[in-house]
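These notes concern the structure reproduced below.
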Amino acid sequence: MHEASVARTILEIAERTGARHGEVRIVRVHVVVGALAHIDDDALRFAFDALKTDTACASASLEIDKKRLVGSCRACDFSFEAEIPSDSCPQCGGAELSWSGDQESYVTAIDVDDEPAAGGRPREGG
Amino acid sequence: MNKPEATVRILEKISKVNDVIASENRSDFRARRLSVVNVLGSPGSGKTTLIAATAERLGGRSVAVIEGDVAGRVDADFLASKGLPAVQINTGGGCHLDAGMVREAMRELAAHDGAIVFVENVGNLICTAGYDLGERVRVLALSTPEGDDKPYKYPGIFAGAEVLLITKSDLAPYVGFDAEALKERARSLNPDLVIFEVCARSGEGMDAWRDWLAARCGEE
């Protein structure tokens, strides 16, 4: 279970990004999770919600775009998506498949509005 | 009342903090001519036995070990009893080692410059795959009793390894392990994967693995 450390990093990236844009409230944090990152959506949401209190993301929601594995068949060139690798091509039944997917995950965007975050950290030197 | 929202687009890797330390580790290791080998695998896959048996066969090379476990120092004590310098990391519940833990352990480890340093990761086929430690070689140990279907269940760890060691090869006939099926499945995720079948107890396959490792960890 490393979702807690992943959530902490997401919050840190979102807060740092938000701080560059002045007094904003972070409404939503968008992340893309790699097919091979082994990150569970529910565990990540749970950790994000548990850790976001007292941060600029206190009222933010987490939007997860989970990428799927891409399989390709060497016999018929068919390309398809799947949750987990399987033994045969869904089109021709061929067994010679190759699989690819990203191990990396990214924070891709934050949505902000102008209302300062209630419960957010006091700004340094402010 | 709805306030107008703005979207700030960024693209930042979530593992970035670890990656920065891993890359610092890599240059520190290079400066000391250390070849760091990150050993991944399930609990009970034979990682510690494999490290001890490999070290024994490395003859002239200096070897040291960093041991990662949730608790205890059973493995470090075992390796120390074999005459290997060993430092134990206890993650206290953490399921993987990260680059920062290895950096700390390396400060304590009595490794000679030019040594091969095995880092035995926490027994886990999931999150260990996501953390670069700054290693030169990433090894996955999969024992035959675990089954030949593991690439389909834990694809990330097979996709990210450079070498797969099928350990306890002597048990394959007793547990119905199909090595050829395993190799095919693993290579469908990672076509360049180097694979050895080894048995640390009988020594079968160990020389071929040792020769490969010694060449891969040659002085740069």
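Identifiers for the structure tokens are assigned positionally: chains receive A, B, ... in sequence, residues are indexed from 1 per chain, and ligands are indexed from 1 in the order shown.
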Could you write out as a VMD selection string the residues of chain B within 12 Å of chain A, counting only C-alpha atoms? chain B and resid 1 to 19 93 to 98 124 to 132 149 to 160 181 to 182 184 to 192
So that I have them on file, write out the residues from the current selection with C-alpha atoms, as a tab-separated table (two decimals), in the first residue's frame.
```tsv
chain	number	residue	atom	x	y	z
B	1	MET	CA	-22.85	30.85	-6.15
B	2	ASN	CA	-20.49	29.50	-8.75
B	3	LYS	CA	-17.22	31.28	-9.11
B	4	PRO	CA	-15.47	31.08	-12.45
B	5	GLU	CA	-12.88	28.35	-12.41
B	6	ALA	CA	-9.57	28.27	-14.16
B	7	THR	CA	-7.57	25.24	-15.12
B	8	VAL	CA	-3.82	25.26	-14.61
B	9	ARG	CA	-2.25	22.62	-16.82
B	10	ILE	CA	0.94	20.95	-15.65
B	11	LEU	CA	2.59	17.62	-16.31
B	12	GLU	CA	4.55	16.52	-13.30
B	13	LYS	CA	5.63	12.95	-12.59
B	14	ILE	CA	4.33	11.76	-9.25
B	15	SER	CA	7.52	9.83	-8.53
B	16	LYS	CA	9.65	12.93	-9.12
B	17	VAL	CA	11.07	13.35	-5.59
B	18	ASN	CA	12.27	9.75	-5.58
B	19	ASP	CA	13.65	10.09	-9.12
B	93	GLY	CA	5.35	-1.16	7.54
B	94	GLY	CA	6.46	0.43	4.26
B	95	CYS	CA	6.08	-1.96	1.33
B	96	HIS	CA	9.12	-0.93	-0.72
B	97	LEU	CA	12.53	0.70	-0.45
B	98	ASP	CA	12.95	4.18	-1.89
B	124	ASN	CA	6.54	-7.53	-2.70
B	125	LEU	CA	5.65	-7.81	-6.40
B	126	ILE	CA	3.74	-4.54	-6.55
B	127	CYS	CA	5.14	-1.20	-5.42
B	128	THR	CA	8.83	-2.17	-5.41
B	129	ALA	CA	8.52	-1.94	-9.21
B	130	GLY	CA	7.69	1.77	-9.05
B	131	TYR	CA	10.77	3.01	-7.18
B	132	ASP	CA	14.10	3.58	-8.90
B	149	ASP	CA	1.06	-17.27	-14.24
B	150	LYS	CA	2.65	-14.40	-12.30
B	151	PRO	CA	3.46	-12.14	-15.30
B	152	TYR	CA	-0.27	-11.79	-15.93
B	153	LYS	CA	-1.03	-10.99	-12.32
B	154	TYR	CA	1.83	-8.58	-11.61
B	155	PRO	CA	2.73	-7.17	-15.02
B	156	GLY	CA	4.54	-4.04	-13.77
B	157	ILE	CA	7.36	-5.87	-12.06
B	158	PHE	CA	8.03	-8.08	-15.11
B	159	ALA	CA	7.93	-5.09	-17.45
B	160	GLY	CA	10.53	-3.19	-15.40
B	181	ALA	CA	5.11	-20.81	-20.50
B	182	LEU	CA	6.49	-18.43	-17.87
B	184	GLU	CA	6.74	-16.56	-23.03
B	185	ARG	CA	4.38	-14.62	-20.74
B	186	ALA	CA	7.20	-12.59	-19.23
B	187	ARG	CA	8.61	-11.75	-22.68
B	188	SER	CA	5.20	-10.62	-23.94
B	189	LEU	CA	5.57	-7.80	-21.40
B	190	ASN	CA	9.31	-7.34	-21.75
B	191	PRO	CA	10.88	-8.72	-24.96
B	192	ASP	CA	14.46	-7.94	-23.83
```
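Inside segment 20-83 of chain B, the residues DSSP reads as strand (DSSP E or B) when given the backbone are Ser35, Val36, Val37, Asn38, Val39, Leu40, Gly41, Val63, Ala64, Val65, Ile66, Glu67, Gly68 and Asp69 of chain B.
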File of the preceding selection, N, CA and C atoms, as a PDB file, in the first residue's frame:
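part-v8.pdb written:
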```
ATOM      1  N   SER B  35      28.626  -1.181  -8.297  1.00  0.00           N
ATOM      2  CA  SER B  35      27.573  -1.738  -9.148  1.00  0.00           C
ATOM      3  C   SER B  35      26.436  -2.154  -8.227  1.00  0.00           C
ATOM      4  N   VAL B  36      25.336  -1.417  -8.272  1.00  0.00           N
ATOM      5  CA  VAL B  36      24.231  -1.689  -7.360  1.00  0.00           C
ATOM      6  C   VAL B  36      23.172  -2.532  -8.066  1.00  0.00           C
ATOM      7  N   VAL B  37      22.813  -3.634  -7.413  1.00  0.00           N
ATOM      8  CA  VAL B  37      21.875  -4.601  -7.984  1.00  0.00           C
ATOM      9  C   VAL B  37      20.638  -4.636  -7.092  1.00  0.00           C
ATOM     10  N   ASN B  38      19.511  -4.194  -7.625  1.00  0.00           N
ATOM     11  CA  ASN B  38      18.251  -4.150  -6.876  1.00  0.00           C
ATOM     12  C   ASN B  38      17.541  -5.491  -7.077  1.00  0.00           C
ATOM     13  N   VAL B  39      17.370  -6.240  -5.986  1.00  0.00           N
ATOM     14  CA  VAL B  39      16.789  -7.578  -6.086  1.00  0.00           C
ATOM     15  C   VAL B  39      15.347  -7.548  -5.588  1.00  0.00           C
ATOM     16  N   LEU B  40      14.409  -7.818  -6.503  1.00  0.00           N
ATOM     17  CA  LEU B  40      12.991  -7.793  -6.184  1.00  0.00           C
ATOM     18  C   LEU B  40      12.434  -9.213  -6.174  1.00  0.00           C
ATOM     19  N   GLY B  41      11.306  -9.396  -5.502  1.00  0.00           N
ATOM     20  CA  GLY B  41      10.651 -10.703  -5.508  1.00  0.00           C
ATOM     21  C   GLY B  41       9.754 -10.846  -4.305  1.00  0.00           C
ATOM     22  N   VAL B  63      31.870  -7.713  -2.299  1.00  0.00           N
ATOM     23  CA  VAL B  63      30.405  -7.703  -2.299  1.00  0.00           C
ATOM     24  C   VAL B  63      29.905  -7.157  -0.964  1.00  0.00           C
ATOM     25  N   ALA B  64      28.831  -6.366  -1.001  1.00  0.00           N
ATOM     26  CA  ALA B  64      28.175  -5.909   0.225  1.00  0.00           C
ATOM     27  C   ALA B  64      26.670  -5.924  -0.028  1.00  0.00           C
ATOM     28  N   VAL B  65      25.899  -5.890   1.067  1.00  0.00           N
ATOM     29  CA  VAL B  65      24.455  -6.059   0.918  1.00  0.00           C
ATOM     30  C   VAL B  65      23.692  -5.053   1.767  1.00  0.00           C
ATOM     31  N   ILE B  66      22.642  -4.479   1.181  1.00  0.00           N
ATOM     32  CA  ILE B  66      21.665  -3.696   1.935  1.00  0.00           C
ATOM     33  C   ILE B  66      20.384  -4.526   1.951  1.00  0.00           C
ATOM     34  N   GLU B  67      19.883  -4.784   3.150  1.00  0.00           N
ATOM     35  CA  GLU B  67      18.711  -5.633   3.325  1.00  0.00           C
ATOM     36  C   GLU B  67      17.503  -4.782   3.669  1.00  0.00           C
ATOM     37  N   GLY B  68      16.424  -4.965   2.941  1.00  0.00           N
ATOM     38  CA  GLY B  68      15.198  -4.235   3.263  1.00  0.00           C
ATOM     39  C   GLY B  68      14.116  -5.176   3.743  1.00  0.00           C
ATOM     40  N   ASP B  69      13.579  -4.928   4.919  1.00  0.00           N
ATOM     41  CA  ASP B  69      12.463  -5.715   5.437  1.00  0.00           C
ATOM     42  C   ASP B  69      11.574  -4.793   6.242  1.00  0.00           C
TER      43      ASP B  69
END
```
Contacts of Ser42 of chain B at 9 Å or less, counting only C-alpha atoms, minus same-chain residues fewer than 6 places along, as a PyMOL selection string? chain B and resi 122-125+141-143+146
Take the residues just selected and output them with C-alpha atoms as a PDB file, in the first residue's frame.
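selection04.pdb written:
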```
ATOM      1  CA  VAL B 122      11.051  -5.670   0.610  1.00  0.00           C
ATOM      2  CA  GLY B 123       9.294  -8.893  -0.463  1.00  0.00           C
ATOM      3  CA  ASN B 124       6.538  -7.532  -2.700  1.00  0.00           C
ATOM      4  CA  LEU B 125       5.647  -7.808  -6.402  1.00  0.00           C
ATOM      5  CA  ALA B 141      13.516 -13.489  -8.422  1.00  0.00           C
ATOM      6  CA  LEU B 142      10.466 -15.683  -9.022  1.00  0.00           C
ATOM      7  CA  SER B 143      10.452 -19.110  -7.377  1.00  0.00           C
ATOM      8  CA  GLU B 146       4.809 -19.224  -6.938  1.00  0.00           C
TER       9      GLU B 146
END
```
Ile51 of chain B: which residues within 12 Å, counting only C-alpha atoms, same-chain residues fewer than 2 positions away excluded, as a VMD selection string? chain B and resid 37 to 40 45 to 49 53 to 58 63 to 67 75 to 76 78 to 79 82 84 86 116 to 121 139 141 165 167 199 to 200 206 209 to 210 213
Could you please determine the separation between atom CA of Arg136 of chain B and atom CA of Glu108 of chain B in Å, to one decimal place?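 Interatomic distance, atom CA of Arg136 of chain B to atom CA of Glu108 of chain B: 20.0 Å.
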